[in-house]
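Text of target-v3.cif, listed as mmCIF, C-alpha atoms:
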```cif
data_query
#
loop_
_atom_site.label_atom_id
_atom_site.label_comp_id
_atom_site.auth_asym_id
_atom_site.auth_seq_id
_atom_site.Cartn_x
_atom_site.Cartn_y
_atom_site.Cartn_z
CA MET A 757 9.45 0.28 -25.76
CA PRO A 758 7.06 -2.43 -24.47
CA GLY A 759 3.59 -1.32 -23.54
CA VAL A 760 0.25 -2.71 -22.44
CA ALA A 761 -1.83 -5.21 -24.42
CA PHE A 762 -5.57 -5.31 -23.72
CA VAL A 763 -6.55 -8.85 -24.71
CA ALA A 764 -9.87 -10.59 -25.24
CA HIS A 765 -11.07 -12.35 -22.09
CA CYS A 766 -11.04 -15.84 -23.58
CA LEU A 767 -7.34 -15.62 -24.41
CA LEU A 768 -6.59 -15.95 -20.70
CA ASN A 769 -9.69 -17.99 -19.89
CA GLN A 770 -10.94 -20.50 -22.42
CA ASN A 771 -13.65 -21.50 -19.94
CA SER A 772 -15.56 -18.47 -21.15
CA LYS A 773 -16.06 -19.95 -24.61
CA CYS A 774 -19.37 -21.41 -25.70
CA SER A 775 -19.55 -25.18 -25.90
CA GLY A 776 -17.08 -26.61 -28.36
CA GLY A 777 -15.01 -23.47 -28.59
CA ALA A 778 -12.29 -24.01 -25.97
CA ARG A 779 -8.94 -24.76 -27.62
CA CYS A 780 -7.08 -25.40 -24.35
CA PRO A 781 -7.91 -25.73 -20.62
CA GLY A 782 -7.35 -22.11 -19.68
CA VAL A 783 -4.61 -19.79 -20.93
CA TYR A 784 -3.91 -19.46 -24.67
CA SER A 785 -0.14 -19.85 -24.54
CA PRO A 786 0.97 -18.52 -27.95
CA LEU A 787 -0.29 -15.02 -27.23
CA VAL A 788 0.96 -14.89 -23.65
CA GLY A 789 4.36 -16.15 -24.76
CA ALA A 790 4.67 -13.54 -27.50
CA LEU A 791 3.75 -10.72 -25.11
CA ARG A 792 5.95 -11.91 -22.28
CA GLU A 793 9.01 -12.44 -24.49
CA ARG A 794 8.78 -8.81 -25.55
CA GLY A 795 8.14 -7.39 -22.10
CA TRP A 796 4.53 -6.34 -22.66
CA GLN A 797 2.08 -6.09 -19.78
CA ILE A 798 -1.23 -7.88 -20.11
CA GLN A 799 -4.65 -6.48 -19.27
CA GLN A 800 -7.68 -8.70 -19.80
CA MET A 801 -10.94 -7.33 -21.17
CA PRO A 802 -14.27 -8.80 -20.03
CA CYS A 803 -16.15 -11.31 -22.20
CA PRO A 804 -19.28 -9.52 -23.42
CA GLU A 805 -21.15 -12.69 -24.27
CA LEU A 806 -20.40 -14.56 -21.03
CA ALA A 807 -22.21 -12.09 -18.83
CA PHE A 808 -25.09 -11.50 -21.25
CA THR A 809 -26.08 -14.85 -22.69
CA GLY A 810 -24.21 -17.07 -20.23
CA LEU A 811 -21.98 -20.11 -20.32
CA ASN A 812 -24.60 -22.28 -22.03
CA ARG A 813 -25.10 -19.90 -24.94
CA PHE A 814 -25.24 -21.05 -28.54
CA TRP A 815 -22.78 -19.98 -31.16
CA ALA A 816 -24.13 -16.80 -32.72
CA VAL A 817 -23.57 -14.39 -35.56
CA ARG A 818 -23.51 -10.64 -35.24
CA GLU A 819 -27.14 -10.11 -36.27
CA GLN A 820 -28.40 -12.39 -33.49
CA LEU A 821 -26.64 -10.33 -30.83
CA ASP A 822 -27.02 -6.87 -32.31
CA THR A 823 -29.91 -5.66 -30.18
CA SER A 824 -30.27 -2.42 -28.27
CA ALA A 825 -29.94 -4.29 -25.00
CA TYR A 826 -26.72 -6.01 -26.05
CA ARG A 827 -25.32 -2.71 -27.33
CA ARG A 828 -26.05 -1.12 -23.93
CA HIS A 829 -24.40 -4.06 -22.20
CA CYS A 830 -21.31 -3.78 -24.41
CA ARG A 831 -21.14 -0.03 -23.83
CA ARG A 832 -21.23 -0.59 -20.06
CA LEU A 833 -18.31 -3.01 -20.37
CA ALA A 834 -16.55 -0.70 -22.80
CA LYS A 835 -16.75 2.20 -20.32
CA GLY A 836 -14.81 0.09 -17.82
CA VAL A 837 -12.19 -0.95 -20.35
CA ALA A 838 -11.90 2.53 -21.85
CA GLY A 839 -11.27 3.95 -18.39
CA ALA A 840 -8.32 1.62 -17.98
CA ILE A 841 -7.01 2.29 -21.50
CA GLU A 842 -7.25 6.01 -20.81
CA VAL A 843 -5.10 5.66 -17.69
CA HIS A 844 -2.33 4.04 -19.74
CA VAL A 845 -2.63 6.36 -22.74
CA ARG A 846 -2.48 9.46 -20.50
CA ALA A 847 0.62 7.95 -18.85
CA GLY A 848 2.28 7.68 -22.25
CA ASP A 849 2.18 3.90 -22.45
CA ASP A 850 2.01 2.18 -25.82
CA VAL A 851 -1.34 0.37 -25.90
CA VAL A 852 -2.59 -2.33 -28.27
CA LEU A 853 -5.79 -4.38 -28.49
CA VAL A 854 -5.85 -8.10 -29.24
CA GLY A 855 -9.34 -9.33 -30.06
CA LEU A 856 -10.64 -12.54 -31.56
CA GLU A 857 -11.16 -12.76 -35.30
CA GLY A 858 -14.47 -14.26 -36.39
CA SER A 859 -16.20 -13.32 -33.15
CA PRO A 860 -19.50 -11.43 -33.37
CA SER A 861 -18.37 -9.40 -30.36
CA MET A 862 -14.56 -9.36 -30.23
CA GLY A 863 -13.63 -9.51 -33.93
CA VAL A 864 -11.21 -6.78 -34.97
CA HIS A 865 -10.90 -7.33 -38.73
CA VAL A 866 -13.18 -10.37 -39.18
CA THR A 867 -16.58 -10.87 -37.59
CA SER A 868 -19.44 -13.24 -38.40
CA SER A 869 -22.60 -12.33 -40.23
CA ASP A 870 -25.70 -14.10 -41.53
CA PRO A 871 -28.96 -12.14 -41.58
CA GLU A 872 -31.00 -15.33 -41.99
CA ARG A 873 -29.56 -17.33 -39.11
CA GLY A 874 -31.95 -18.10 -36.28
CA GLY A 875 -34.27 -20.67 -34.80
CA ARG A 876 -33.03 -24.19 -34.32
CA PRO A 877 -29.25 -23.92 -33.94
CA GLU A 878 -27.99 -26.03 -36.81
CA TRP A 879 -24.63 -24.65 -37.80
CA PRO A 880 -22.64 -26.84 -40.18
CA ASP A 881 -18.96 -26.09 -40.37
CA GLY A 882 -18.10 -23.58 -43.02
CA THR A 883 -17.00 -20.04 -43.55
CA ASP A 884 -20.12 -18.46 -45.01
CA GLU A 885 -20.73 -16.33 -41.94
CA LEU A 886 -17.24 -14.86 -41.81
CA THR A 887 -17.07 -11.34 -43.13
CA PRO A 888 -14.75 -8.35 -42.89
CA GLY A 889 -15.62 -6.06 -40.02
CA SER A 890 -15.45 -5.67 -36.28
CA GLY A 891 -17.55 -7.17 -33.52
CA ILE A 892 -20.14 -5.33 -31.44
CA PHE A 893 -18.00 -4.86 -28.33
CA ILE A 894 -15.12 -3.54 -30.43
CA ASP A 895 -17.59 -1.10 -32.07
CA GLU A 896 -18.74 0.13 -28.68
CA LEU A 897 -15.21 0.37 -27.29
CA SER A 898 -14.18 2.44 -30.32
CA ALA A 899 -17.13 4.77 -29.77
CA GLU A 900 -16.45 5.09 -26.04
CA LEU A 901 -12.78 5.92 -26.61
CA ALA A 902 -13.72 8.48 -29.27
CA GLU A 903 -16.07 10.21 -26.83
CA ARG A 904 -13.20 10.43 -24.35
CA GLY A 905 -10.82 11.81 -26.97
CA VAL A 906 -8.62 8.72 -26.64
CA PRO A 907 -7.33 7.32 -29.94
CA LEU A 908 -8.22 3.73 -30.73
CA PRO A 909 -5.12 1.60 -30.09
CA ARG A 910 -3.74 -0.34 -33.03
CA ALA A 911 -5.31 -3.77 -32.94
CA THR A 912 -5.39 -7.27 -34.29
CA GLY A 913 -7.18 -10.49 -33.48
CA ILE A 914 -6.21 -14.03 -32.63
CA THR A 915 -7.25 -16.29 -35.50
CA HIS A 916 -7.50 -19.70 -33.85
CA GLN A 917 -11.20 -20.07 -34.58
CA LEU A 918 -10.92 -19.27 -38.28
CA PRO A 919 -10.85 -22.24 -40.69
CA ASP A 920 -7.65 -21.01 -42.31
CA HIS A 921 -5.88 -20.51 -38.98
CA HIS A 922 -2.12 -20.77 -39.30
CA GLY A 923 -0.20 -20.68 -36.03
CA PRO A 924 3.05 -19.12 -37.28
CA GLY A 925 1.09 -16.55 -39.27
CA GLU A 926 -0.91 -15.62 -36.19
CA LEU A 927 2.30 -15.15 -34.22
CA ASP A 928 3.76 -12.98 -37.01
CA SER A 929 0.67 -10.80 -36.85
CA ILE A 930 1.01 -10.35 -33.08
CA VAL A 931 4.68 -9.51 -33.35
CA ALA A 932 4.01 -7.02 -36.15
CA LEU A 933 1.39 -5.34 -33.97
CA LEU A 934 3.71 -5.08 -30.99
CA GLU A 935 6.62 -3.79 -33.02
CA ALA A 936 4.72 -1.36 -35.27
CA MET B 968 -20.40 -30.00 -23.38
CA ASP B 969 -19.03 -30.64 -26.86
CA ALA B 970 -16.59 -33.57 -26.87
CA GLY B 971 -13.99 -31.46 -28.65
CA ASP B 972 -14.05 -28.77 -26.02
CA ALA B 973 -10.78 -28.51 -24.06
CA ARG B 974 -11.83 -26.27 -21.14
CA GLY B 975 -10.52 -27.10 -17.68
CA TYR B 976 -13.60 -25.97 -15.63
CA ARG B 977 -11.26 -24.18 -13.21
CA VAL B 978 -10.98 -20.42 -13.02
CA ALA B 979 -8.79 -18.21 -10.83
CA LEU B 980 -9.45 -14.60 -9.95
CA ILE B 981 -5.85 -13.46 -9.97
CA ALA B 982 -4.12 -10.28 -8.87
CA ASP B 983 -2.61 -8.07 -11.55
CA GLU B 984 0.86 -8.31 -10.02
CA LEU B 985 0.77 -12.09 -10.48
CA VAL B 986 -0.22 -11.73 -14.14
CA ASN B 987 2.41 -9.04 -14.72
CA PRO B 988 5.05 -10.01 -12.17
CA ALA B 989 8.03 -7.88 -11.31
CA ALA B 990 11.47 -9.36 -11.87
CA ARG B 991 11.79 -12.41 -9.60
CA GLY B 992 8.11 -12.11 -8.70
CA ILE B 993 5.76 -15.07 -8.71
CA ASP B 994 4.47 -15.77 -12.22
CA GLY B 995 0.91 -16.68 -11.39
CA LEU B 996 -0.24 -16.80 -14.99
CA ALA B 997 2.42 -19.38 -15.84
CA ALA B 998 1.34 -21.46 -12.85
CA LEU B 999 -2.28 -21.32 -13.98
CA GLU B 1000 -1.32 -22.27 -17.51
CA ALA B 1001 0.71 -25.24 -16.29
CA ALA B 1002 -2.12 -26.42 -14.05
CA GLY B 1003 -4.83 -26.01 -16.69
CA TRP B 1004 -6.68 -23.13 -15.06
CA GLY B 1005 -8.18 -20.08 -16.72
CA ALA B 1006 -7.66 -16.57 -15.40
CA ILE B 1007 -9.88 -13.64 -14.58
CA GLN B 1008 -7.45 -10.79 -14.02
CA LEU B 1009 -8.21 -8.36 -11.21
CA PRO B 1010 -7.77 -4.62 -11.85
CA SER B 1011 -4.32 -3.22 -11.27
CA GLY B 1012 -3.72 -1.72 -7.85
CA ASP B 1013 -2.39 1.33 -9.70
CA TYR B 1014 -5.80 2.20 -11.11
CA PRO B 1015 -7.74 4.90 -9.32
CA ASP B 1016 -10.90 3.77 -7.56
CA GLU B 1017 -13.19 5.25 -10.21
CA VAL B 1018 -11.45 3.06 -12.83
CA ALA B 1019 -11.10 -0.07 -10.69
CA ALA B 1020 -14.64 -0.16 -9.27
CA PRO B 1021 -16.50 -0.80 -12.56
CA LEU B 1022 -13.87 -3.37 -13.54
CA LEU B 1023 -14.35 -5.19 -10.23
CA GLU B 1024 -18.09 -5.25 -10.85
CA LEU B 1025 -17.49 -6.90 -14.22
CA VAL B 1026 -15.20 -9.46 -12.58
CA ALA B 1027 -17.91 -10.28 -10.06
CA GLU B 1028 -20.59 -10.51 -12.72
CA GLN B 1029 -18.57 -13.05 -14.68
CA THR B 1030 -17.52 -14.96 -11.58
CA GLU B 1031 -21.14 -15.47 -10.61
CA GLU B 1032 -21.79 -17.15 -13.95
CA PHE B 1033 -18.96 -19.63 -13.35
CA THR B 1034 -19.98 -20.43 -9.78
CA ARG B 1035 -23.62 -20.83 -10.84
CA HIS B 1036 -22.53 -23.52 -13.29
CA GLY B 1037 -20.38 -25.40 -10.78
CA TYR B 1038 -16.94 -24.43 -12.05
CA THR B 1039 -14.11 -24.49 -9.53
CA VAL B 1040 -13.27 -20.87 -8.74
CA ALA B 1041 -10.50 -19.60 -6.47
CA VAL B 1042 -8.90 -16.28 -5.59
CA ILE B 1043 -5.16 -15.83 -5.98
CA GLY B 1044 -3.71 -12.71 -4.50
CA GLY B 1045 -6.96 -10.81 -4.14
CA ARG B 1046 -7.58 -7.10 -4.33
CA ALA B 1047 -9.17 -4.41 -2.19
CA GLY B 1048 -12.88 -4.23 -2.95
CA LEU B 1049 -13.12 -7.72 -4.43
CA ASP B 1050 -15.04 -9.30 -1.55
CA GLU B 1051 -17.62 -6.52 -1.60
CA ALA B 1052 -18.00 -6.74 -5.38
CA LEU B 1053 -18.48 -10.53 -5.23
CA ALA B 1054 -20.94 -10.26 -2.35
CA ALA B 1055 -23.09 -7.94 -4.44
CA TYR B 1056 -23.51 -10.87 -6.83
CA GLY B 1057 -24.10 -13.41 -4.06
CA VAL B 1058 -20.64 -14.94 -4.26
CA SER B 1059 -18.63 -15.54 -1.08
CA GLY B 1060 -16.38 -18.10 0.55
CA LEU B 1061 -14.18 -18.82 -2.43
CA PRO B 1062 -10.92 -20.63 -1.59
CA SER B 1063 -8.03 -18.21 -1.66
CA ILE B 1064 -4.29 -17.91 -1.30
CA GLU B 1065 -1.71 -15.16 -0.96
CA PRO B 1066 1.09 -17.19 -2.56
CA ARG B 1067 4.56 -16.84 -1.10
CA SER B 1068 6.14 -19.05 -3.75
CA THR B 1069 5.32 -20.65 -7.07
CA ALA B 1070 5.49 -24.06 -5.40
CA ALA B 1071 2.90 -23.03 -2.81
CA LEU B 1072 0.62 -21.74 -5.54
CA THR B 1073 1.02 -24.93 -7.55
CA ARG B 1074 0.13 -27.02 -4.48
CA PHE B 1075 -2.91 -24.86 -3.83
CA LEU B 1076 -4.16 -25.24 -7.39
CA ALA B 1077 -3.67 -29.00 -7.31
CA ALA B 1078 -5.62 -29.27 -4.07
CA GLN B 1079 -8.79 -27.63 -5.40
#
```
Representation of the structure as structure tokens:
Amino acid sequence: MPGVAFVAHCLLNQNSKCSGGARCPGVYSPLVGALRERGWQIQQMPCPELAFTGLNRFWAVREQLDTSAYRRHCRRLAKGVAGAIEVHVRAGDDVVLVGLEGSPSMGVHVTSSDPERGGRPEWPDGTDELTPGSGIFIDELSAELAERGVPLPRATGITHQLPDHHGPGELDSIVALLEA
Amino acid sequence: MDAGDARGYRVALIADELVNPAARGIDGLAALEAAGWGAIQLPSGDYPDEVAAPLLELVAEQTEEFTRHGYTVAVIGGRAGLDEALAAYGVSGLPSIEPRSTAALTRFLAAQ
């Protein structure tokens, strides 16, 4: 039975990306199409980085954002999202999360890491910073849900910013999540 | 902005029922997608106030960042409490529409 997909903010609003990151003008169609075709409702999560470091932020890895202040900010956002997830879970809805792989905040299975990165923002293309793990907002959302006794929904991430992105494979992953 | 960046610089605060339309309802998200707008989804009208209020604050917080940088921002459908949440962040007077048809919404978006 179709349920509710909580999706990363940028998947409905590419304007929230940092410079150079927007793949399309606004709505990321492949995800919306996959959800709509299967009758899933969409709920958009806030972008943790947009409200903290702003539209003109640099690209960043997890270590650059992983401060106490950013963790508090993410927890504040996570409380709002967890409240909404809790409403649906208590109502018996099937709930999934769709994050953004490679993101220091919204990664589900892949985040970005480089303990040495800092200073002048020179960031040649490459995959060195990509590493298994979740982003900071996903960490805080998991913790907030656990405190409420709400199980973490099954989750995956959109892969369009990974160097090995493969559109059909991404769609297969979304469908597998929805139909699990 | 990076030359490879595809953003449209237009953002709509859009009611939940236009993102998740009922059968034969207006598909606001499809209209935004076709017109090259991004979406900030407003909390569902089914959420209790204690769930919706913090979500509205987050919507306002993000909206202020877009208006501060000169993005085109509009309200589609609205929601109770939105004006107050935006005002708390110094945002007011956004163009808005309660669309009665997809065509009307499309015309509104094109006119911004």
Closest to Ser1011 of chain B among B:Gly975, B:Gly1048, B:Gly1037, B:Gly992, using only C-alpha atoms? B:Gly1048
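The spacing separating atom CA of His844 of chain A from atom CA of Gly759 of chain A amounts to 8.8 Å.
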What residues in chain A have any atom no more than 9 Å from chain B when counting all atoms listed in the file, and can you write them as a PDB file with C-alpha atoms, in the coordinates of the input?
```pdb
ATOM      1  CA  HIS A 765     -11.070 -12.350 -22.090  1.00  0.00           C
ATOM      2  CA  CYS A 766     -11.040 -15.840 -23.580  1.00  0.00           C
ATOM      3  CA  LEU A 767      -7.340 -15.620 -24.410  1.00  0.00           C
ATOM      4  CA  LEU A 768      -6.590 -15.950 -20.700  1.00  0.00           C
ATOM      5  CA  ASN A 769      -9.690 -17.990 -19.890  1.00  0.00           C
ATOM      6  CA  GLN A 770     -10.940 -20.500 -22.420  1.00  0.00           C
ATOM      7  CA  ASN A 771     -13.650 -21.500 -19.940  1.00  0.00           C
ATOM      8  CA  SER A 772     -15.560 -18.470 -21.150  1.00  0.00           C
ATOM      9  CA  LYS A 773     -16.060 -19.950 -24.610  1.00  0.00           C
ATOM     10  CA  CYS A 774     -19.370 -21.410 -25.700  1.00  0.00           C
ATOM     11  CA  SER A 775     -19.550 -25.180 -25.900  1.00  0.00           C
ATOM     12  CA  GLY A 776     -17.080 -26.610 -28.360  1.00  0.00           C
ATOM     13  CA  GLY A 777     -15.010 -23.470 -28.590  1.00  0.00           C
ATOM     14  CA  ALA A 778     -12.290 -24.010 -25.970  1.00  0.00           C
ATOM     15  CA  ARG A 779      -8.940 -24.760 -27.620  1.00  0.00           C
ATOM     16  CA  CYS A 780      -7.080 -25.400 -24.350  1.00  0.00           C
ATOM     17  CA  PRO A 781      -7.910 -25.730 -20.620  1.00  0.00           C
ATOM     18  CA  GLY A 782      -7.350 -22.110 -19.680  1.00  0.00           C
ATOM     19  CA  VAL A 783      -4.610 -19.790 -20.930  1.00  0.00           C
ATOM     20  CA  TYR A 784      -3.910 -19.460 -24.670  1.00  0.00           C
ATOM     21  CA  SER A 785      -0.140 -19.850 -24.540  1.00  0.00           C
ATOM     22  CA  VAL A 788       0.960 -14.890 -23.650  1.00  0.00           C
ATOM     23  CA  ARG A 792       5.950 -11.910 -22.280  1.00  0.00           C
ATOM     24  CA  TRP A 796       4.530  -6.340 -22.660  1.00  0.00           C
ATOM     25  CA  GLN A 797       2.080  -6.090 -19.780  1.00  0.00           C
ATOM     26  CA  ILE A 798      -1.230  -7.880 -20.110  1.00  0.00           C
ATOM     27  CA  GLN A 799      -4.650  -6.480 -19.270  1.00  0.00           C
ATOM     28  CA  GLN A 800      -7.680  -8.700 -19.800  1.00  0.00           C
ATOM     29  CA  MET A 801     -10.940  -7.330 -21.170  1.00  0.00           C
ATOM     30  CA  PRO A 802     -14.270  -8.800 -20.030  1.00  0.00           C
ATOM     31  CA  CYS A 803     -16.150 -11.310 -22.200  1.00  0.00           C
ATOM     32  CA  LEU A 806     -20.400 -14.560 -21.030  1.00  0.00           C
ATOM     33  CA  ALA A 807     -22.210 -12.090 -18.830  1.00  0.00           C
ATOM     34  CA  GLY A 810     -24.210 -17.070 -20.230  1.00  0.00           C
ATOM     35  CA  LEU A 811     -21.980 -20.110 -20.320  1.00  0.00           C
ATOM     36  CA  ASN A 812     -24.600 -22.280 -22.030  1.00  0.00           C
ATOM     37  CA  ARG A 832     -21.230  -0.590 -20.060  1.00  0.00           C
ATOM     38  CA  LEU A 833     -18.310  -3.010 -20.370  1.00  0.00           C
ATOM     39  CA  LYS A 835     -16.750   2.200 -20.320  1.00  0.00           C
ATOM     40  CA  GLY A 836     -14.810   0.090 -17.820  1.00  0.00           C
ATOM     41  CA  VAL A 837     -12.190  -0.950 -20.350  1.00  0.00           C
ATOM     42  CA  GLY A 839     -11.270   3.950 -18.390  1.00  0.00           C
ATOM     43  CA  ALA A 840      -8.320   1.620 -17.980  1.00  0.00           C
ATOM     44  CA  VAL A 843      -5.100   5.660 -17.690  1.00  0.00           C
TER      45      VAL A 843
END
```
I'd like the interatomic distance between atom CA of Ala990 of chain B and atom CA of Val760 of chain A, to a tenth of an Å.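 About the pair atom CA of Ala990 of chain B and atom CA of Val760 of chain A: they are 16.8 Å apart.
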Report as a ChimeraX atom specification the full result of the PyMOL selection byres ((chain A and resi 889-897) around 10) when it is applied to this structure. /A:802-805,817-819,821-823,826-838,853,855-869,886-888,898-903,908,913
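Counting all atoms listed in the file and comparing A:Ile930, A:Ala936, A:Gly925, A:Arg813, the residue that lies closest to Leu791 of chain A is A:Ile930.
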If the PyMOL selection byres ((chain B and resi 1068-1072) around 9) were run on this exact file, what residues would it hold? Put them as a PyMOL selection string. chain B and resi 992-995+998-999+1043+1064-1067+1073-1077
Test item: residues at most 6 Å from Ala1041 of chain B, all atoms listed in the file, excluding those fewer than 3 positions along its chain, as a ChimeraX atom specification: /B:979,1061-1063
Taking C-alpha atoms for each residue, export the selection above as a compact mmCIF listing (two decimals), in the frame of the given file.
```txt
# COMPACT_ATOMS: atom_id res chain seq x y z
CA ALA B 979 -8.79 -18.21 -10.83
CA LEU B 1061 -14.18 -18.82 -2.43
CA PRO B 1062 -10.92 -20.63 -1.59
CA SER B 1063 -8.03 -18.21 -1.66
```
To one decimal place in Å, what is the distance between atom CA of Ala1078 of chain B and atom CA of Gly1012 of chain B?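 Those two atoms sit 27.9 Å apart.
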Excluding Met757 of chain A and its own-chain neighbours fewer than 3 positions away, which residues fall within 9 Å of it when counting only C-alpha atoms? Please give them as a ChimeraX atom specification. /A:795-796,849-850,935
Listed atoms of segment 993-999 of chain B, axis-aligned box, 8 Å per side: centre and edge lengths to one decimal in Å, as JSON?
```
{"center_x": 1.7, "center_y": -18.3, "center_z": -12.3, "size_x": 24.0, "size_y": 22.4, "size_z": 23.1}
```
Nearest residue to Gly874 of chain A from the set A:Ala764, A:Ala790, A:Ala816, A:Phe808 (distances using all atoms listed in the file): A:Ala816
Using only C-alpha atoms, can you tell me which of A:Glu926, A:Asp870, A:Glu793, A:Glu842 comes closest to Val906 of chain A?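 For Val906 of chain A, the nearest of the candidates is A:Glu842.
Residues in contact with segment 920-923 of chain A at 10 Å, where only C-alpha atoms are counted and same-chain residues fewer than 5 positions away are skipped, are listed as Pro786, Thr883, Ile914, Thr915, Asp928 and Ser929 of chain A.
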